[in-house]
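Colleague: First the structure, then my questions, so here it is.
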Amino acid sequence: MSATELREYAEQLMKQAEEQSTKEFESTMNFLSDKLAHMGKTKKDAVIHLIKMMKSFEAEATLQELVGGPSGARPKERNDLDSAGCPPEVGVTYQLPSGETWIRRSKAGATKKEFAIHAKSTTWVAMKP
């Protein structure tokens, strides 16, 4: 086989794989729809559950897409999420290995930079004294 024939064959296989994947996805969604009806749940219940399972910035972006918001607008990403993707809790005291402490006073307040940086390599729970 020549290089051109191989390329065409590869493209054909990739197209077949994509079509198969789409068919499997649609089949799964139909199965889930039937299962939801059997359980007495609605598709809306399933969508709400899926959105709750997402990280907050993913959920915001998904909802923005659904309501037809401005395309390309990136949701603001938090800088104070720990390695598990969790933000610091309000009213909790956190401590750095150096002994410095900080209390999260409000949900809207800024996170001390040193604490946000340290949280990226650990969790907020582990930083509680």
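Scheme for the structure tokens: letters A, B, ... for chains in order shown; per-chain residue numbers from 1; ligand numbers from 1 in order shown.
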DSSP says strand (DSSP E) for which residues of segment 8-129 of chain A? Put them as a list in words?
Modeller: Thr93, Tyr94, Gln95, Thr101, Trp102 and Ile103 of chain A
Colleague: Write out as an MDAnalysis selection string the residues lying within 12 Å of segment 44-52 of chain A, counting only C-alpha atoms and excluding same-chain residues fewer than 4 positions away.
Modeller: chainID A and resid 29 32:33 35:37 39:40 56:63 66
Colleague: Produce a file of the selected residues containing N, CA, C and O atoms, as a PDB file, in the first residue's frame.
Modeller:
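Resulting contents of part_6.pdb:
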```pdb
ATOM      1  N   MET A  29     -27.750   6.627  26.119  1.00  0.00           N
ATOM      2  CA  MET A  29     -28.674   7.668  26.560  1.00  0.00           C
ATOM      3  C   MET A  29     -30.122   7.178  26.494  1.00  0.00           C
ATOM      4  O   MET A  29     -30.923   7.483  27.364  1.00  0.00           O
ATOM      5  N   LEU A  32     -30.606   4.912  29.475  1.00  0.00           N
ATOM      6  CA  LEU A  32     -30.741   5.699  30.700  1.00  0.00           C
ATOM      7  C   LEU A  32     -32.101   6.381  30.780  1.00  0.00           C
ATOM      8  O   LEU A  32     -32.698   6.463  31.846  1.00  0.00           O
ATOM      9  N   SER A  33     -32.598   6.843  29.645  1.00  0.00           N
ATOM     10  CA  SER A  33     -33.906   7.486  29.609  1.00  0.00           C
ATOM     11  C   SER A  33     -34.996   6.505  30.042  1.00  0.00           C
ATOM     12  O   SER A  33     -35.873   6.833  30.843  1.00  0.00           O
ATOM     13  N   LYS A  35     -34.516   3.805  31.853  1.00  0.00           N
ATOM     14  CA  LYS A  35     -34.253   3.467  33.254  1.00  0.00           C
ATOM     15  C   LYS A  35     -34.794   4.566  34.179  1.00  0.00           C
ATOM     16  O   LYS A  35     -35.375   4.273  35.220  1.00  0.00           O
ATOM     17  N   LEU A  36     -34.600   5.823  33.790  1.00  0.00           N
ATOM     18  CA  LEU A  36     -35.123   6.941  34.582  1.00  0.00           C
ATOM     19  C   LEU A  36     -36.639   6.865  34.696  1.00  0.00           C
ATOM     20  O   LEU A  36     -37.202   7.056  35.775  1.00  0.00           O
ATOM     21  N   ALA A  37     -37.298   6.596  33.564  1.00  0.00           N
ATOM     22  CA  ALA A  37     -38.756   6.493  33.570  1.00  0.00           C
ATOM     23  C   ALA A  37     -39.194   5.368  34.494  1.00  0.00           C
ATOM     24  O   ALA A  37     -40.158   5.512  35.252  1.00  0.00           O
ATOM     25  N   MET A  39     -37.668   4.342  37.104  1.00  0.00           N
ATOM     26  CA  MET A  39     -37.395   4.751  38.489  1.00  0.00           C
ATOM     27  C   MET A  39     -38.291   5.906  38.938  1.00  0.00           C
ATOM     28  O   MET A  39     -38.238   6.333  40.081  1.00  0.00           O
ATOM     29  N   GLY A  40     -39.094   6.422  38.016  1.00  0.00           N
ATOM     30  CA  GLY A  40     -39.962   7.542  38.366  1.00  0.00           C
ATOM     31  C   GLY A  40     -39.231   8.875  38.390  1.00  0.00           C
ATOM     32  O   GLY A  40     -39.673   9.828  39.020  1.00  0.00           O
ATOM     33  N   SER A  56     -17.428  23.389  40.192  1.00  0.00           N
ATOM     34  CA  SER A  56     -18.237  24.596  40.009  1.00  0.00           C
ATOM     35  C   SER A  56     -17.963  25.305  38.687  1.00  0.00           C
ATOM     36  O   SER A  56     -18.892  25.725  37.999  1.00  0.00           O
ATOM     37  N   PHE A  57     -16.688  25.447  38.286  1.00  0.00           N
ATOM     38  CA  PHE A  57     -16.414  26.157  37.037  1.00  0.00           C
ATOM     39  C   PHE A  57     -16.904  25.368  35.826  1.00  0.00           C
ATOM     40  O   PHE A  57     -17.330  25.944  34.832  1.00  0.00           O
ATOM     41  N   GLU A  58     -16.890  24.018  35.909  1.00  0.00           N
ATOM     42  CA  GLU A  58     -17.408  23.205  34.803  1.00  0.00           C
ATOM     43  C   GLU A  58     -18.923  23.367  34.705  1.00  0.00           C
ATOM     44  O   GLU A  58     -19.473  23.485  33.614  1.00  0.00           O
ATOM     45  N   ALA A  59     -19.586  23.355  35.857  1.00  0.00           N
ATOM     46  CA  ALA A  59     -21.040  23.504  35.879  1.00  0.00           C
ATOM     47  C   ALA A  59     -21.447  24.862  35.336  1.00  0.00           C
ATOM     48  O   ALA A  59     -22.385  24.965  34.530  1.00  0.00           O
ATOM     49  N   GLU A  60     -20.733  25.916  35.746  1.00  0.00           N
ATOM     50  CA  GLU A  60     -21.053  27.258  35.256  1.00  0.00           C
ATOM     51  C   GLU A  60     -20.882  27.345  33.749  1.00  0.00           C
ATOM     52  O   GLU A  60     -21.718  27.911  33.048  1.00  0.00           O
ATOM     53  N   ALA A  61     -19.805  26.777  33.230  1.00  0.00           N
ATOM     54  CA  ALA A  61     -19.559  26.810  31.790  1.00  0.00           C
ATOM     55  C   ALA A  61     -20.637  26.031  31.037  1.00  0.00           C
ATOM     56  O   ALA A  61     -21.118  26.471  29.984  1.00  0.00           O
ATOM     57  N   THR A  62     -21.037  24.888  31.583  1.00  0.00           N
ATOM     58  CA  THR A  62     -22.067  24.066  30.951  1.00  0.00           C
ATOM     59  C   THR A  62     -23.401  24.797  30.924  1.00  0.00           C
ATOM     60  O   THR A  62     -24.084  24.839  29.896  1.00  0.00           O
ATOM     61  N   LEU A  63     -23.771  25.386  32.053  1.00  0.00           N
ATOM     62  CA  LEU A  63     -25.034  26.126  32.109  1.00  0.00           C
ATOM     63  C   LEU A  63     -24.995  27.337  31.181  1.00  0.00           C
ATOM     64  O   LEU A  63     -25.996  27.658  30.532  1.00  0.00           O
ATOM     65  N   LEU A  66     -25.742  26.155  27.771  1.00  0.00           N
ATOM     66  CA  LEU A  66     -27.145  25.789  27.598  1.00  0.00           C
ATOM     67  C   LEU A  66     -28.045  27.000  27.417  1.00  0.00           C
ATOM     68  O   LEU A  66     -29.004  26.947  26.656  1.00  0.00           O
TER      69      LEU A  66
END
```
Colleague: Per DSSP on the backbone, filter segment 7-126 of chain A down to the residues in helix (DSSP H, G or I) and report them as a PyMOL selection string.
Modeller: chain A and resi 7-39+43-53+56-67+113-119+125-126
Colleague: Between atom CA of Tyr94 of chain A and atom CA of His118 of chain A, what is the spacing in Å?
Modeller: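 Separation between atom CA of His118 of chain A and atom CA of Tyr94 of chain A: 10.9 Å.
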Colleague: So the first atom is atom CA of Gly99 of chain A and the second is atom CA of Pro129 of chain A; what is the distance between them in Å, to one decimal place?
Modeller: 9.1 Å
Colleague: Excluding Glu100 of chain A and residues on its chain fewer than 4 positions from it, collect all residues at most 10 Å away from it, counting only C-alpha atoms, and give them as a VMD selection string.
Modeller: chain A and resid 94 to 96 114 to 115
Colleague: Could you write those residues out with N, CA and C atoms, as a PDB file, in the first residue's frame?
Modeller:
```pdb
ATOM      1  N   TYR A  94      -6.700  28.056  59.396  1.00  0.00           N
ATOM      2  CA  TYR A  94      -5.743  27.233  58.665  1.00  0.00           C
ATOM      3  C   TYR A  94      -4.340  27.620  59.096  1.00  0.00           C
ATOM      4  N   GLN A  95      -3.427  26.660  59.031  1.00  0.00           N
ATOM      5  CA  GLN A  95      -2.057  26.908  59.466  1.00  0.00           C
ATOM      6  C   GLN A  95      -1.059  26.383  58.445  1.00  0.00           C
ATOM      7  N   LEU A  96      -0.038  27.220  58.172  1.00  0.00           N
ATOM      8  CA  LEU A  96       1.052  26.810  57.297  1.00  0.00           C
ATOM      9  C   LEU A  96       2.075  26.028  58.114  1.00  0.00           C
ATOM     10  N   GLU A 114      -0.088  33.108  50.317  1.00  0.00           N
ATOM     11  CA  GLU A 114       0.778  32.008  50.763  1.00  0.00           C
ATOM     12  C   GLU A 114      -0.033  30.744  51.057  1.00  0.00           C
ATOM     13  N   PHE A 115      -1.228  30.941  51.605  1.00  0.00           N
ATOM     14  CA  PHE A 115      -2.081  29.796  51.941  1.00  0.00           C
ATOM     15  C   PHE A 115      -2.638  29.145  50.675  1.00  0.00           C
TER      16      PHE A 115
END
```
Colleague: Skipping near chain neighbours, those fewer than 2 positions away, what residues fall within 7 Å of Gly91 of chain A using only C-alpha atoms, listed as an NGL selection string?
Modeller: :A and (89 or 93 or 103-105)
Colleague: With N, CA and C atoms retained, could you export that selection as a PDB file, in the first residue's frame?
Modeller:
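Contents of the output file part.pdb:
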```pdb
ATOM      1  N   GLU A  89     -12.980  26.725  53.852  1.00  0.00           N
ATOM      2  CA  GLU A  89     -14.272  26.910  54.508  1.00  0.00           C
ATOM      3  C   GLU A  89     -14.282  28.226  55.269  1.00  0.00           C
ATOM      4  N   THR A  93      -9.915  28.074  60.817  1.00  0.00           N
ATOM      5  CA  THR A  93      -8.527  28.517  60.922  1.00  0.00           C
ATOM      6  C   THR A  93      -7.632  27.522  60.194  1.00  0.00           C
ATOM      7  N   ILE A 103      -7.582  32.879  59.120  1.00  0.00           N
ATOM      8  CA  ILE A 103      -8.989  32.472  59.232  1.00  0.00           C
ATOM      9  C   ILE A 103      -9.745  33.017  58.025  1.00  0.00           C
ATOM     10  N   ARG A 104     -10.487  32.144  57.377  1.00  0.00           N
ATOM     11  CA  ARG A 104     -11.345  32.568  56.262  1.00  0.00           C
ATOM     12  C   ARG A 104     -12.547  33.267  56.879  1.00  0.00           C
ATOM     13  N   ARG A 105     -12.662  34.580  56.702  1.00  0.00           N
ATOM     14  CA  ARG A 105     -13.707  35.382  57.357  1.00  0.00           C
ATOM     15  C   ARG A 105     -15.043  35.354  56.605  1.00  0.00           C
TER      16      ARG A 105
END
```
